[in-house]
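Below is one structure; the comments refer to it alone.
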Amino acid sequence: MATNVDLLGSYWTLAGAAEPHTERDYSPFDFKDRVEAAARVGFKGMGIWHSDLANTLKKRSLREIKQILNDNDIKHIELEFLGGWFLDGEEKKASDLERKRLLEATDVLHPHHIKVGHFVKTQATMQKMIDSFAALCTDGANHGTLIGFEMMPFCDIDSVEKAMRLVDGAGAKNGGICLDLWHIDKLKIPHQKVASIPRKYITSIEINDGTFECPCSLHEDTVNHRRLCGEGEFDVKGFVAAMLKAGYTGPWGIEVLNAELRKKTLDQIVTSAYQTTAAQFPS
């Protein structure tokens with residue numbers, strides 16, 4: 001198993017029976033319990049979803065949350081998810097409110113990055129997205145954090161070329177791309193092409209497993225049928241090797257949204273998630 005990389009338990013992997021893209025998308029597991037369980041098996045990072053953060057703040061302050069993370073040697077925090085930041089009207093107003101909350105949390109939690117993107121295709125122009133991403137990166141820089149755009153099959157930025165154009169156009173040192181293996185393989189992007197992205201543009205990496213084809217919709221596939229590393233058809237070890245060779249040295253997230261995984265106990269989830277992910281790395 002890996003001994004020289006930091007693994008980050010992404011929010012959806014450790015959230016238990018949280019229901020993605022619903023009003024019940026916050027974890028039923030207590031935040032402190034999740035952190036302690038993740039740390040106990042070896043995770044050095046954790047993801048925090050915006051609505052789960054809001055739910056946790058009903059009982060604990062940001063400083064208490066940070067203290068729990070520090071007490072368990074959780075060094076890398078991923079805050080997510082901000083969508084709608086390049087749109088107009090009510091969607092932009094809602095996005096701006098969430099943006100403010102995430103940036104306020106950043107001042108206390110000091111995350112490695114904030115993950116942004118969108119879950120559907122829009123009519124937004126590339127220039128509108130570039131300008132909006134640049135403004136978002138400026139806000140991130142003012143609060144001392146990186147801003148990572150997650151490339152997905154569902155959104156306007158659905159290729160390496162478009163992602164590079166977004167980041168290049170914004171021209172922000174703290175702006176980059178969040179690479180998720182599930183999205184990469186569903187987009188059929190060769191791993192060597194991803195590995196050729198200049199290191200300075202890569203904010204974070206998430207790995208996972210899955211099937212190349214699925215009888216259900218892409219949305220159903222992504223929220224209920226992702227798999228733990230080594231349990232599907234993806235060449236996870238090959239991707240890891242390619243990105244390590246390319247010089248990536250940041251934390252590695254494990255993001256698995258899976259209906260069966262959500263039924264398991266917290267200890268079962270953290271143990272299986274850590275062990276299957278660590279097994280993808282050279283010793």
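FYI, nothing fancy with the structure tokens labels: chains A, B, ... in order, residues from 1 per chain, ligands from 1 as they appear.
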
Using only C-alpha atoms, which residues of range 224-254 of chain A come within 7 Å of range 190-196 of chain A, and what is the closest atom pair for each, with the distance in Å to one decimal? Give it as a Markdown table, sorted by chain and residue number.
| residue | atom | partner | partner_atom | distance |
| --- | --- | --- | --- | --- |
| A:Phe239 | CA | A:His191 | CA | 5.9 |
| A:Ala242 | CA | A:Ala195 | CA | 6.1 |
| A:Met243 | CA | A:Ala195 | CA | 5.5 |
| A:Ala246 | CA | A:Ala195 | CA | 5.8 |

| task | Run DSSP on the backbone of this structure and report the residues of range 221-266 of chain A it assigns to strand (DSSP E or B), as a PyMOL selection string. | result | chain A and resi 225+227+252-254+258

Could you take the residues named above and write them with N, CA and C atoms, as a short mmCIF file (atom, residue, chain, number, x, y, z; two decimals), in the first residue's frame?
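Final output, selection_10.cif:
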data_model
loop_
_atom_site.label_atom_id
_atom_site.label_comp_id
_atom_site.auth_asym_id
_atom_site.auth_seq_id
_atom_site.Cartn_x
_atom_site.Cartn_y
_atom_site.Cartn_z
N HIS A 225 -23.66 4.51 -9.08
CA HIS A 225 -22.97 3.30 -9.54
C HIS A 225 -21.46 3.46 -9.70
N ARG A 227 -17.68 3.03 -8.40
CA ARG A 227 -17.15 1.92 -7.60
C ARG A 227 -15.84 2.31 -6.93
N TRP A 252 -4.63 13.04 -2.93
CA TRP A 252 -5.43 12.24 -3.85
C TRP A 252 -6.78 11.96 -3.20
N GLY A 253 -7.84 12.46 -3.79
CA GLY A 253 -9.17 12.20 -3.27
C GLY A 253 -9.70 10.87 -3.76
N ILE A 254 -10.59 10.28 -2.98
CA ILE A 254 -11.33 9.10 -3.41
C ILE A 254 -12.80 9.49 -3.39
N ASN A 258 -22.17 5.78 -4.50
CA ASN A 258 -22.63 4.43 -4.77
C ASN A 258 -23.76 4.08 -3.80
#

| message | Env of Gln275 in chain A: 12 Å cut, atoms = only C-alpha atoms, seq-sep filter 6 positions within chain, self excluded. Answer as a PyMOL selection string. | response | chain A and resi 1-3+7+9+38+41-43+228-230+254+268-269+281

| said: Applying 12 Å and only C-alpha atoms, which residues near range 110-114 of chain A remain after dropping the ones on its own chain fewer than 5 positions away? List them as a PyMOL selection string. | reply: chain A and resi 8+44-50+62-63+65-67+69-70+74-83+98-99+101-105+136-137+139-141+143-150+174-178+202-205+250-253

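CA of Ile130 in chain A is found 27.2 Å from CA of Tyr11 in chain A.
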
| Just asking: which residues within range 15-214 of chain A are helix (DSSP H, G or I) according to DSSP, as a VMD selection string? | chain A and resid 31 to 41 50 to 56 62 to 71 89 to 109 126 to 142 160 to 170 181 to 186 191 to 195 199 to 201

| Straight-line distance linking CA of Lys237 in chain A with CA of Leu187 in chain A, stated in Å to one decimal | 18.4 Å

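The nearest approach to Pro28 in chain A among the residues A:Ala278, A:Ile68, A:Leu109, A:Leu266, with only C-alpha atoms taken into account, belongs to A:Leu266.
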
| Which is closer to Glu231 in chain A than all the others in A:Asp73, A:Asp25, A:Glu161, A:Asp209, using only C-alpha atoms? | A:Asp209

| message | Need the shell around Ala124 in chain A: protein/DNA/RNA residues with any atom at most 8 Å away, counting only C-alpha atoms. Skip same-chain ones fewer than 5 positions apart. Format as a ChimeraX atom specification? | response | /A:86-87,129

For the selection just defined, write its residues with C-alpha atoms to a file, as an mmCIF file, in the first residue's frame.
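Once written, again.cif looks like this:
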data_model
loop_
_atom_site.group_PDB
_atom_site.id
_atom_site.type_symbol
_atom_site.label_atom_id
_atom_site.label_comp_id
_atom_site.auth_asym_id
_atom_site.auth_seq_id
_atom_site.Cartn_x
_atom_site.Cartn_y
_atom_site.Cartn_z
ATOM 1 C CA PHE A 86 -21.014 32.171 -14.508
ATOM 2 C CA LEU A 87 -24.786 32.447 -14.976
ATOM 3 C CA MET A 129 -17.017 31.580 -18.235
#

| request: Quick one: pull the distance between CA of Lys200 in chain A and CA of Asp156 in chain A, Å, one decimal. | output: 22.3 Å
